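Q: Have a peek at entry_25.txt (compact mmCIF, C-alpha atoms).
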```txt
# COMPACT_ATOMS: atom_id res chain seq x y z
CA MET A 4 82.95 32.23 -34.89
CA PRO A 5 86.11 32.20 -32.73
CA SER A 6 87.84 35.47 -32.02
CA GLY A 7 91.15 36.56 -33.51
CA LYS A 8 93.03 35.82 -30.30
CA THR A 9 91.65 32.28 -30.25
CA LEU A 10 92.63 31.68 -33.87
CA LYS A 11 96.12 33.03 -33.21
CA LEU A 12 96.46 30.80 -30.15
CA ILE A 13 95.36 27.73 -32.13
CA LEU A 14 97.80 28.59 -34.93
CA TYR A 15 100.72 28.97 -32.55
CA GLU A 16 99.95 25.76 -30.68
CA VAL A 17 99.54 23.73 -33.87
CA LEU A 18 102.83 25.03 -35.27
CA GLN A 19 104.69 24.30 -32.05
CA PHE A 20 103.23 20.81 -31.78
CA ALA A 21 104.15 20.12 -35.41
CA ALA A 22 107.69 21.36 -34.72
CA LEU A 23 107.77 18.96 -31.78
CA VAL A 24 106.63 15.72 -33.44
CA VAL A 25 107.61 16.01 -37.12
CA PRO A 26 111.41 16.03 -36.60
CA ILE A 27 111.16 13.01 -34.30
CA PHE A 28 109.13 11.01 -36.82
CA VAL A 29 111.45 11.90 -39.71
CA ILE A 30 114.64 11.15 -37.78
CA MET A 31 113.25 7.88 -36.39
CA GLU A 32 112.02 6.75 -39.82
CA ARG A 33 115.47 7.32 -41.31
CA PHE A 34 117.02 5.49 -38.37
CA ALA A 35 114.54 2.63 -38.80
CA GLY A 36 115.53 2.34 -42.48
CA LEU A 37 119.18 2.29 -41.46
CA ILE A 38 118.58 -0.51 -38.93
CA ARG A 39 116.64 -2.44 -41.57
CA ASP A 40 119.54 -2.23 -44.03
CA VAL A 41 122.11 -3.14 -41.39
CA LYS A 42 120.03 -6.17 -40.34
CA GLY A 43 119.80 -7.46 -43.91
CA ARG A 44 116.45 -5.91 -44.95
CA ASP A 45 114.74 -7.08 -41.77
CA LEU A 46 111.28 -5.47 -41.63
CA THR A 47 110.75 -6.47 -38.03
CA ALA A 48 113.52 -4.16 -36.87
CA TYR A 49 112.11 -1.37 -39.04
CA TRP A 50 108.60 -1.52 -37.59
CA LEU A 51 109.96 -1.93 -34.07
CA VAL A 52 111.77 1.41 -34.33
CA VAL A 53 108.70 3.07 -35.89
CA ALA A 54 106.45 1.73 -33.10
CA THR A 55 108.94 3.02 -30.52
CA SER A 56 108.82 6.51 -32.04
CA ILE A 57 105.02 6.54 -32.00
CA ALA A 58 104.93 5.40 -28.37
CA TYR A 59 107.48 8.04 -27.37
CA VAL A 60 105.61 10.90 -29.09
CA THR A 61 102.28 9.80 -27.59
CA SER A 62 103.58 9.45 -24.05
CA MET A 63 105.58 12.68 -23.95
CA THR A 64 102.64 14.61 -25.47
CA LEU A 65 100.12 13.35 -22.92
CA LEU A 66 102.41 13.39 -19.89
CA VAL A 67 104.50 16.52 -20.44
CA TRP A 68 103.53 18.77 -23.35
CA VAL A 69 99.75 19.00 -22.84
CA PRO A 70 99.93 19.52 -19.04
CA LEU A 71 102.53 22.25 -19.50
CA LYS A 72 100.38 24.06 -22.05
CA CYS A 73 97.35 23.81 -19.77
CA LEU A 74 99.29 25.38 -16.91
CA ILE A 75 100.48 28.20 -19.15
CA LEU A 76 97.01 28.91 -20.56
CA LYS A 77 95.44 28.89 -17.11
CA ARG A 78 98.18 31.25 -15.91
CA ARG A 79 99.02 29.38 -12.77
CA ARG A 80 100.97 31.47 -10.29
CA PHE A 81 104.23 29.52 -10.34
CA ILE A 82 104.19 29.65 -14.17
CA SER A 83 103.10 33.27 -14.66
CA GLU A 84 105.81 34.49 -12.28
CA ILE A 85 108.55 33.08 -14.53
CA THR A 86 109.92 36.02 -16.53
CA GLN A 87 113.65 35.32 -16.95
CA TRP A 88 113.40 32.00 -18.80
CA ARG A 89 110.89 30.17 -21.02
CA PRO A 90 109.45 26.85 -19.79
CA THR A 91 108.11 25.90 -23.24
CA ALA A 92 111.55 26.26 -24.83
CA LEU A 93 113.18 24.19 -22.07
CA VAL A 94 110.67 21.35 -22.45
CA TYR A 95 110.96 21.43 -26.25
CA ILE A 96 114.75 21.16 -26.17
CA PHE A 97 114.69 18.10 -23.91
CA LEU A 98 111.74 16.41 -25.64
CA CYS A 99 112.71 16.99 -29.27
CA THR A 100 116.20 18.39 -29.85
CA LEU A 101 117.98 16.09 -27.40
CA PRO A 102 116.41 12.83 -28.76
CA CYS A 103 117.03 13.89 -32.37
CA PHE A 104 120.70 14.61 -31.73
CA GLY A 105 120.94 11.35 -29.80
CA ILE A 106 119.53 9.38 -32.74
CA LEU A 107 122.00 11.07 -35.10
CA ILE A 108 124.89 10.02 -32.85
CA ALA A 109 123.47 6.49 -32.57
CA SER A 110 123.18 6.22 -36.36
CA SER A 111 126.85 7.12 -36.70
CA LYS A 112 127.85 4.62 -34.02
CA VAL A 113 125.84 1.80 -35.61
CA GLN A 114 127.41 2.29 -39.01
CA VAL A 115 130.95 2.60 -37.64
CA ASP A 116 130.60 -0.58 -35.56
CA THR A 117 129.18 -2.62 -38.46
CA GLY A 118 131.61 -1.23 -41.02
CA HIS A 119 128.85 0.19 -43.26
CA ARG A 120 128.42 3.68 -44.68
CA LEU A 121 124.79 3.73 -45.76
CA ASP A 122 123.34 7.05 -44.61
CA HIS A 123 124.98 10.02 -42.89
CA PHE A 124 121.72 12.02 -42.46
CA ALA A 125 123.18 14.87 -44.45
CA GLU A 126 120.46 17.36 -45.32
CA LEU A 127 116.73 16.82 -44.76
CA PRO A 128 116.53 15.46 -41.18
CA VAL A 129 119.21 17.74 -39.76
CA SER A 130 117.78 20.84 -41.45
CA LEU A 131 114.30 19.88 -40.28
CA VAL A 132 115.46 19.70 -36.66
CA LEU A 133 117.09 23.12 -36.86
CA VAL A 134 114.16 24.74 -38.69
CA SER A 135 111.76 23.39 -36.06
CA LEU A 136 114.00 24.75 -33.32
CA ILE A 137 114.04 28.19 -34.95
CA CYS A 138 110.26 28.03 -35.49
CA VAL A 139 109.62 27.44 -31.79
CA ASP A 140 111.98 30.29 -30.89
CA ILE A 141 110.20 32.68 -33.27
CA ILE A 142 106.76 31.74 -31.95
CA GLU A 143 107.85 32.34 -28.36
CA ARG A 144 109.22 35.77 -29.30
CA ILE A 145 106.31 36.93 -31.44
CA ARG A 146 103.53 35.49 -29.27
CA PRO A 147 102.75 38.79 -27.42
CA CYS A 148 102.28 40.63 -30.72
CA LYS A 149 99.25 40.67 -32.98
CA LEU A 150 99.54 39.33 -36.53
CA ILE A 151 97.44 41.94 -38.37
CA GLY A 152 97.65 45.70 -38.35
CA GLN A 153 100.51 47.73 -36.95
CA SER A 154 102.56 46.33 -34.13
CA ASP A 155 102.08 48.01 -30.77
CA SER A 156 104.26 45.92 -28.46
CA LEU A 157 107.44 44.67 -30.10
CA ASP A 158 108.45 48.01 -31.59
CA ASP A 159 108.82 49.56 -28.15
CA ASP A 160 110.91 46.64 -26.94
CA LEU A 161 113.20 46.57 -29.95
CA ASP A 162 113.87 50.31 -30.01
CA MET A 163 117.28 51.05 -28.60
CA PRO A 164 117.88 54.33 -26.78
CA GLY A 165 119.22 56.91 -29.19
CA PRO A 166 120.64 60.43 -28.95
CA VAL A 167 117.40 62.37 -29.04
CA LEU A 168 117.08 65.94 -27.69
CA THR A 169 114.53 65.89 -24.91
CA HIS A 170 115.41 68.87 -22.72
CA LEU A 171 117.09 72.22 -23.31
CA GLU A 172 118.34 74.36 -20.47
CA GLN A 173 120.38 77.55 -20.64
CA VAL A 174 123.68 77.49 -18.73
CA THR A 175 125.05 80.71 -17.35
CA THR A 176 128.67 81.51 -18.22
CA VAL A 177 131.33 82.27 -15.64
CA THR A 178 131.43 85.97 -16.57
CA GLY A 179 127.69 86.32 -16.29
CA GLN A 180 127.67 84.57 -12.93
CA LEU A 181 130.36 86.92 -11.59
CA HIS A 182 128.54 90.02 -12.77
CA THR A 183 125.36 88.74 -11.18
CA ASP A 184 127.08 88.20 -7.85
CA GLU A 185 128.65 91.64 -7.99
CA GLY A 186 125.33 93.28 -8.67
CA GLN A 187 123.60 91.47 -5.85
CA ASN A 188 126.29 92.08 -3.22
CA GLY A 189 127.14 95.67 -4.24
CA LEU A 190 130.77 94.81 -4.88
CA THR A 191 133.13 96.60 -7.26
CA GLN A 192 136.46 95.61 -8.68
CA GLY A 193 138.18 97.76 -6.04
CA ARG A 194 136.44 95.95 -3.16
CA PRO A 195 136.63 92.20 -3.71
CA GLU A 196 136.26 91.56 0.01
CA ALA A 197 133.54 89.76 1.82
CA MET A 198 131.73 90.95 4.90
CA ASN A 199 134.17 89.20 7.19
CA GLY A 200 137.17 91.05 5.68
CA SER A 201 138.55 88.08 3.72
CA THR A 202 138.60 87.42 0.03
CA SER A 203 135.52 85.66 -1.29
CA GLY A 204 135.82 81.92 -1.75
CA ARG A 205 134.43 82.23 -5.28
CA TRP A 206 137.21 84.67 -6.29
CA GLN A 207 139.85 82.42 -4.72
CA ASP A 208 138.65 79.39 -6.62
CA LEU A 209 138.60 81.25 -9.90
CA ALA A 210 142.05 82.71 -9.45
CA GLY A 211 143.84 79.67 -8.08
CA SER A 212 142.20 76.70 -9.82
CA PRO A 213 144.00 75.84 -13.07
CA GLY A 214 141.16 73.59 -14.17
CA ARG A 215 138.65 76.44 -14.30
CA SER A 216 138.16 78.57 -17.37
CA THR A 217 138.91 82.27 -17.16
CA PRO A 218 136.06 84.75 -17.29
CA GLY A 219 134.91 85.39 -20.80
CA SER A 220 136.56 82.27 -22.24
CA ARG A 221 133.27 80.38 -22.63
CA ALA A 222 130.38 81.28 -24.83
CA PRO A 223 126.79 80.78 -23.74
CA SER A 224 125.98 77.09 -24.04
CA ALA A 225 123.15 74.68 -23.40
CA ALA A 226 122.82 71.42 -21.51
CA TYR A 227 121.19 68.51 -23.27
CA LEU A 228 119.67 65.36 -21.87
CA TYR A 229 120.18 62.48 -24.27
CA TYR A 230 119.24 58.85 -24.60
CA SER A 231 115.51 58.97 -24.52
CA SER A 232 113.51 55.89 -25.36
CA SER A 233 111.35 57.77 -27.85
CA ARG A 234 112.63 57.76 -31.42
CA PRO A 235 111.08 59.00 -34.64
CA ARG A 236 109.21 56.14 -36.25
CA SER A 237 108.34 57.59 -39.64
CA TYR A 238 109.80 59.99 -42.13
CA SER A 239 108.05 62.03 -44.74
CA GLY A 240 109.05 62.38 -48.36
CA HIS A 241 108.99 60.30 -51.51
CA LEU A 242 111.34 57.68 -50.02
CA GLY A 243 109.63 57.54 -46.66
CA PHE A 244 108.70 53.89 -47.19
CA LEU A 245 112.39 52.98 -46.96
CA TRP A 246 112.44 54.09 -43.32
CA ARG A 247 109.55 51.89 -42.27
CA ARG A 248 110.30 49.11 -39.84
CA ASP A 249 108.30 46.56 -37.91
CA GLY A 250 109.44 44.61 -34.90
CA ARG A 251 107.61 41.48 -36.01
CA SER A 252 109.69 41.06 -39.17
CA GLU A 253 112.89 41.81 -37.25
CA VAL A 254 112.11 38.91 -34.91
CA PHE A 255 112.57 36.48 -37.82
CA VAL A 256 115.90 38.05 -38.79
CA ASP A 257 117.19 38.07 -35.22
CA SER A 258 116.17 34.44 -34.67
CA PHE A 259 117.98 33.14 -37.75
CA LEU A 260 121.10 35.15 -36.90
CA PHE A 261 120.89 33.86 -33.34
CA TRP A 262 121.10 30.24 -34.58
CA LEU A 263 123.55 30.75 -37.45
CA ASP A 264 126.61 29.60 -35.51
CA THR A 265 124.84 26.47 -34.26
CA VAL A 266 123.65 25.67 -37.79
CA GLU A 267 127.25 25.80 -39.04
CA MET A 268 128.40 23.50 -36.25
CA VAL A 269 125.72 20.93 -37.08
CA ARG A 270 126.65 21.20 -40.76
CA VAL A 271 130.23 20.27 -39.88
CA ALA A 272 128.91 17.18 -38.10
CA GLY A 273 127.30 16.11 -41.38
CA GLU A 274 130.63 15.94 -43.20
CA PRO A 275 131.35 12.24 -43.91
CA SER A 276 134.87 12.43 -42.47
CA VAL A 277 133.49 13.84 -39.22
CA PHE A 278 130.24 11.87 -39.10
CA TYR A 279 131.93 8.48 -39.37
CA SER A 280 134.40 9.23 -36.58
CA THR A 281 134.33 9.70 -32.83
CA TRP A 282 134.38 13.48 -33.32
CA VAL A 283 130.65 13.40 -34.01
CA PHE A 284 130.05 12.96 -30.27
CA PRO A 285 131.55 16.26 -29.04
CA VAL A 286 130.20 18.16 -32.04
CA TYR A 287 126.57 17.20 -31.42
CA ILE A 288 126.93 17.51 -27.65
CA LEU A 289 128.25 21.07 -27.96
CA ALA A 290 125.53 21.88 -30.50
CA PHE A 291 122.93 20.74 -27.99
CA MET A 292 124.56 22.79 -25.23
CA SER A 293 124.35 25.81 -27.52
CA SER A 294 120.61 25.25 -28.00
CA LEU A 295 120.10 25.75 -24.25
CA ARG A 296 120.52 29.48 -24.83
CA MET A 297 116.96 29.50 -26.18
CA VAL A 298 115.66 28.94 -22.65
CA VAL A 299 116.82 32.41 -21.56
CA THR A 300 114.53 35.27 -22.59
CA PRO A 301 115.92 37.47 -25.41
CA HIS A 302 116.33 40.61 -23.26
CA ASN A 303 117.80 38.86 -20.23
CA PRO A 304 121.30 40.17 -19.29
CA LEU A 305 122.29 36.55 -18.60
CA LEU A 306 122.08 35.77 -22.32
CA SER A 307 125.45 37.38 -23.05
CA SER A 308 127.41 35.29 -20.56
CA ALA A 309 125.42 32.18 -21.50
CA GLY A 310 126.36 32.70 -25.15
CA VAL A 311 130.07 32.82 -24.28
CA ALA A 312 129.97 29.86 -21.89
CA LEU A 313 127.67 27.59 -23.92
CA GLN A 314 128.60 28.51 -27.47
CA ASP A 315 131.56 30.71 -28.36
CA LEU A 316 134.22 29.32 -26.04
CA PRO A 317 133.49 25.58 -26.59
CA PHE A 318 132.85 26.15 -30.31
CA PHE A 319 136.23 27.83 -30.69
CA ILE A 320 138.02 24.91 -29.03
CA ILE A 321 136.25 22.20 -31.05
CA ARG A 322 136.65 24.09 -34.33
CA VAL A 323 140.37 24.53 -33.86
CA ALA A 324 140.64 20.81 -33.10
CA LEU A 325 138.58 19.90 -36.20
CA ILE A 326 140.74 22.09 -38.43
CA VAL A 327 143.89 20.47 -37.04
CA VAL A 328 142.55 16.93 -37.55
CA PHE A 329 140.41 17.15 -40.71
CA GLY A 330 141.57 20.33 -42.39
CA TYR A 331 139.30 23.21 -43.27
CA VAL A 332 135.97 21.45 -42.76
CA THR A 333 134.65 24.73 -41.33
CA PRO A 334 135.42 28.27 -42.55
CA VAL A 335 138.05 30.15 -40.58
CA LEU A 336 135.52 32.96 -40.15
CA TYR A 337 133.63 31.06 -37.45
CA PRO A 338 136.54 30.37 -35.05
CA LEU A 339 137.61 33.99 -35.53
CA LYS A 340 134.12 35.09 -34.58
CA ASN A 341 134.15 32.84 -31.50
CA VAL A 342 137.50 34.06 -30.21
CA LEU A 343 136.66 37.73 -30.82
CA VAL A 344 133.38 37.40 -28.96
CA CYS A 345 135.14 35.73 -26.02
CA LEU A 346 137.94 38.30 -25.85
CA THR A 347 135.67 41.32 -26.12
CA PHE A 348 133.31 39.90 -23.51
CA ILE A 349 136.16 39.33 -21.04
CA TYR A 350 137.72 42.73 -21.72
CA PHE A 351 134.63 44.93 -21.54
CA THR A 352 132.97 42.95 -18.74
CA PHE A 353 135.87 42.31 -16.38
CA LEU A 354 139.14 44.00 -17.36
CA THR A 355 137.69 47.49 -17.82
CA ARG A 356 136.60 47.41 -14.16
CA LEU A 357 140.20 47.15 -12.96
CA ARG A 358 141.91 50.22 -11.56
CA ILE A 359 144.57 50.32 -14.27
CA PHE A 360 141.93 50.70 -16.99
CA LYS A 361 140.19 53.56 -15.15
CA ARG A 362 143.05 56.01 -15.57
CA GLN A 363 141.95 59.13 -17.42
CA SER A 364 145.33 59.49 -19.17
CA MET A 365 144.70 56.28 -21.13
CA PHE A 366 142.59 56.23 -24.27
```
Could you render the structure as C-alpha cells?

A:
Amino acid sequence: MPSGKTLKLILYEVLQFAALVVPIFVIMERFAGLIRDVKGRDLTAYWLVVATSIAYVTSMTLLVWVPLKCLILKRRRFISEITQWRPTALVYIFLCTLPCFGILIASSKVQVDTGHRLDHFAELPVSLVLVSLICVDIIERIRPCKLIGQSDSLDDDLDMPGPVLTHLEQVTTVTGQLHTDEGQNGLTQGRPEAMNGSTSGRWQDLAGSPGRSTPGSRAPSAAYLYYSSSRPRSYSGHLGFLWRRDGRSEVFVDSFLFWLDTVEMVRVAGEPSVFYSTWVFPVYILAFMSSLRMVVTPHNPLLSSAGVALQDLPFFIIRVALIVVFGYVTPVLYPLKNVLVCLTFIYFTFLTRLRIFKRQSMF
C-alpha cells in the first residue's frame, strides 16, 4: 500500500499532466473542425490537424515534461536551488498556454481571410485553458501542504504581521529621572552645579530645549514592541467557528483573484467584433504576457513590479483603445483598476523616496 505522500504526489502529477494535454486536444479538435468546414467538409484536413496535435503532445511530454519532473523529484542541485521562480510553471506556459493562444489567433485569421464566421471559440475551449492554468498555479502553491488534518505550513506563511503586544517595559518619566540623579549626586535645588563648577549638561538641555517636555508633564508610560509574527489562531465562544481559517482554502481564493484580470481580458477577445478583427492579436499577446507572472513565486518581491509591467500598464492601454474603437466591450472598472494600480505603485515605490516627500510638515 503506497504511503500518503506517494498518493498525493501521484494525484498532483496526474492533475498537472491533464491540465497540460486536455486544453491542447480540445483546442486542436475545434480548430480541426474549423479547417474541415473551411475546406468544404474535407476529412483529410481534419485528421491531419488531429494527428499533428497527438504528435505534439507526445513529443513535448517525452522530451520536456517527463525529464523536468524527473529532475525535480530527484532534487538535482541546479533545480533545488531555484527558489525565486517555478520551473514547472514556466514550462507549462510555453508548452500549453502559448500554443493554445496561438491556435485561437490562427482560427481568427483563417476565418477572416476566407470570409467565413463559423466558430469564434467563445466559451468551452477558452475557459478550459484558463481553468487549467489556474489549476497548475494552485497545485504549485499547495504542494508543500498536506491534504488531510490541520495545515502546519501554509498558515505560517500566509499570516501577516499584526499589532500584537510582545514586550512591556516601564519607561521612567523626566521628573523621576531628575530626582534619581539628584539623590545619587547629593544635589539640591540650591546647588545645581557639577563638580567642575559649571551647570550640568542635563539641566541645560532641559531648560533650553523647546522640544523637551517639562518635568511633571508626562505620566508614567510603557514601551511596546509591535508587529510580531505570532497571531491568535482561534477564539473561544459560541461563534468561535466563524474565526477559523485555513491557508489551504485561501490558496484557491488567492489564485482565482490573481487571474481575474487576465480572465476578463481573454473574455474581451471572445467578443465577435474583437475576435474577427486584427485587435485579437494584441489582446491574446498581452494575455499571454500576463500569464508569465505565474513563473514568479507568490512571495517574491519581484511579483509586484512584474504585475505592473506585464499586466496593469499594457492592459490599461489596450482597454482604453478597445473602448475607443468598439465601445464598452469591457467594464470601465477594469481600466480604472489598472491605472490605480500603476499610479499607486509608482507613487509609493519611487516618488515617496524623493526629498520633497520626506518633509515632516507634509501629511

Q: What does the distance from atom CA of Ala109 of chain A to atom CA of Asp40 of chain A come to in Å, to one decimal?

A: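 If I compute the distance from atom CA of Ala109 of chain A to atom CA of Asp40 of chain A, I get 14.9 Å.
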
Q: Between A:Phe261, A:Phe124, A:Phe97, A:Phe319, which one has atoms that come closest to Phe278 of chain A, using all atoms listed in the file?

A: A:Phe124

Q: Which distance in Å separates atom CA of Arg89 of chain A and atom CA of Pro301 of chain A, to one decimal?

A: 9.9 Å

Q: For Leu313 of chain A, list every protein, DNA or RNA residue within 9 Å, evaluated using only C-alpha atoms, and leave out those in the same chain fewer than 6 positions away; present the list as JSON, numbers by chain.

A: {"A": [289, 290, 292, 293, 294, 295, 296]}

Q: When distances are computed from all atoms listed in the file, which of A:Cys345, A:Gln153, A:Ile57, A:Val286 shows the smallest separation from Glu274 of chain A?

A: A:Val286

Q: Could you check which of A:Ile142, A:Gln114, A:Pro5, A:Val298 is closest to Ile85 of chain A, using only C-alpha atoms?

A: A:Val298

Q: For a quick check of understanding, using all atoms listed in the file, which of A:Ala92, A:Val24, A:Ala125, A:Gly36 has the smallest distance to Ser62 of chain A?

A: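 The closest residue to Ser62 of chain A is A:Val24.
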
Q: If I take atom CA of Val277 of chain A and atom CA of Phe329 of chain A, how far is one from the other in Å, to one decimal?

A: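 Rounded to one decimal, the two atoms are 7.8 Å apart.
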
Q: Between A:Ala309, A:Leu121, A:Ile349, A:Met268, which has the minimum distance to Tyr337 of chain A (counting all atoms listed in the file)?

A: A:Met268

Q: Pick the closest to Thr265 of chain A from A:Asn303, A:Thr347, A:Ser130, A:Val332: which is it, counting all atoms listed in the file?

A: A:Ser130

Q: Phe259 of chain A: which residues within 10 Å, counting only C-alpha atoms, same-chain residues fewer than 2 positions away excluded, as a short mmCIF file (atom, residue, chain, number, x, y, z; two decimals) with C-alpha atoms, in the coordinates of the input?

A:
```
data_model
loop_
_atom_site.label_atom_id
_atom_site.label_comp_id
_atom_site.auth_asym_id
_atom_site.auth_seq_id
_atom_site.Cartn_x
_atom_site.Cartn_y
_atom_site.Cartn_z
CA VAL A 134 114.16 24.74 -38.69
CA ILE A 137 114.04 28.19 -34.95
CA CYS A 138 110.26 28.03 -35.49
CA ASP A 140 111.98 30.29 -30.89
CA ILE A 141 110.20 32.68 -33.27
CA VAL A 254 112.11 38.91 -34.91
CA PHE A 255 112.57 36.48 -37.82
CA VAL A 256 115.90 38.05 -38.79
CA ASP A 257 117.19 38.07 -35.22
CA PHE A 261 120.89 33.86 -33.34
CA TRP A 262 121.10 30.24 -34.58
CA LEU A 263 123.55 30.75 -37.45
CA ASP A 264 126.61 29.60 -35.51
CA VAL A 266 123.65 25.67 -37.79
#
```

Q: Set the distance at 12 Å and use only C-alpha atoms: which residues neighbour Leu93 of chain A once local chain neighbours fewer than 2 positions away are removed? I'd like the list as a PDB file with C-alpha atoms, keeping the file's coordinate frame.

A:
```pdb
ATOM      1  CA  VAL A  67     104.500  16.520 -20.440  1.00  0.00           C
ATOM      2  CA  TRP A  68     103.530  18.770 -23.350  1.00  0.00           C
ATOM      3  CA  LEU A  71     102.530  22.250 -19.500  1.00  0.00           C
ATOM      4  CA  TRP A  88     113.400  32.000 -18.800  1.00  0.00           C
ATOM      5  CA  ARG A  89     110.890  30.170 -21.020  1.00  0.00           C
ATOM      6  CA  PRO A  90     109.450  26.850 -19.790  1.00  0.00           C
ATOM      7  CA  THR A  91     108.110  25.900 -23.240  1.00  0.00           C
ATOM      8  CA  TYR A  95     110.960  21.430 -26.250  1.00  0.00           C
ATOM      9  CA  ILE A  96     114.750  21.160 -26.170  1.00  0.00           C
ATOM     10  CA  PHE A  97     114.690  18.100 -23.910  1.00  0.00           C
ATOM     11  CA  LEU A  98     111.740  16.410 -25.640  1.00  0.00           C
ATOM     12  CA  CYS A  99     112.710  16.990 -29.270  1.00  0.00           C
ATOM     13  CA  THR A 100     116.200  18.390 -29.850  1.00  0.00           C
ATOM     14  CA  LEU A 101     117.980  16.090 -27.400  1.00  0.00           C
ATOM     15  CA  LEU A 136     114.000  24.750 -33.320  1.00  0.00           C
ATOM     16  CA  VAL A 139     109.620  27.440 -31.790  1.00  0.00           C
ATOM     17  CA  ASP A 140     111.980  30.290 -30.890  1.00  0.00           C
ATOM     18  CA  GLU A 143     107.850  32.340 -28.360  1.00  0.00           C
ATOM     19  CA  PHE A 291     122.930  20.740 -27.990  1.00  0.00           C
ATOM     20  CA  MET A 292     124.560  22.790 -25.230  1.00  0.00           C
ATOM     21  CA  SER A 294     120.610  25.250 -28.000  1.00  0.00           C
ATOM     22  CA  LEU A 295     120.100  25.750 -24.250  1.00  0.00           C
ATOM     23  CA  ARG A 296     120.520  29.480 -24.830  1.00  0.00           C
ATOM     24  CA  MET A 297     116.960  29.500 -26.180  1.00  0.00           C
ATOM     25  CA  VAL A 298     115.660  28.940 -22.650  1.00  0.00           C
ATOM     26  CA  VAL A 299     116.820  32.410 -21.560  1.00  0.00           C
ATOM     27  CA  THR A 300     114.530  35.270 -22.590  1.00  0.00           C
TER      28      THR A 300
END
```

Q: Using all atoms of segment 80-89 of chain A that appear in the file, construct an axis-aligned enclosing box with 6 Å of padding on every side and provide its centre coordinates and edge lengths in Å, rounded to one decimal, as AutoDock Vina command-line options.

A:
```
--center_x 107.3 --center_y 32.8 --center_z -15.7 --size_x 24.7 --size_y 18.5 --size_z 22.7
```
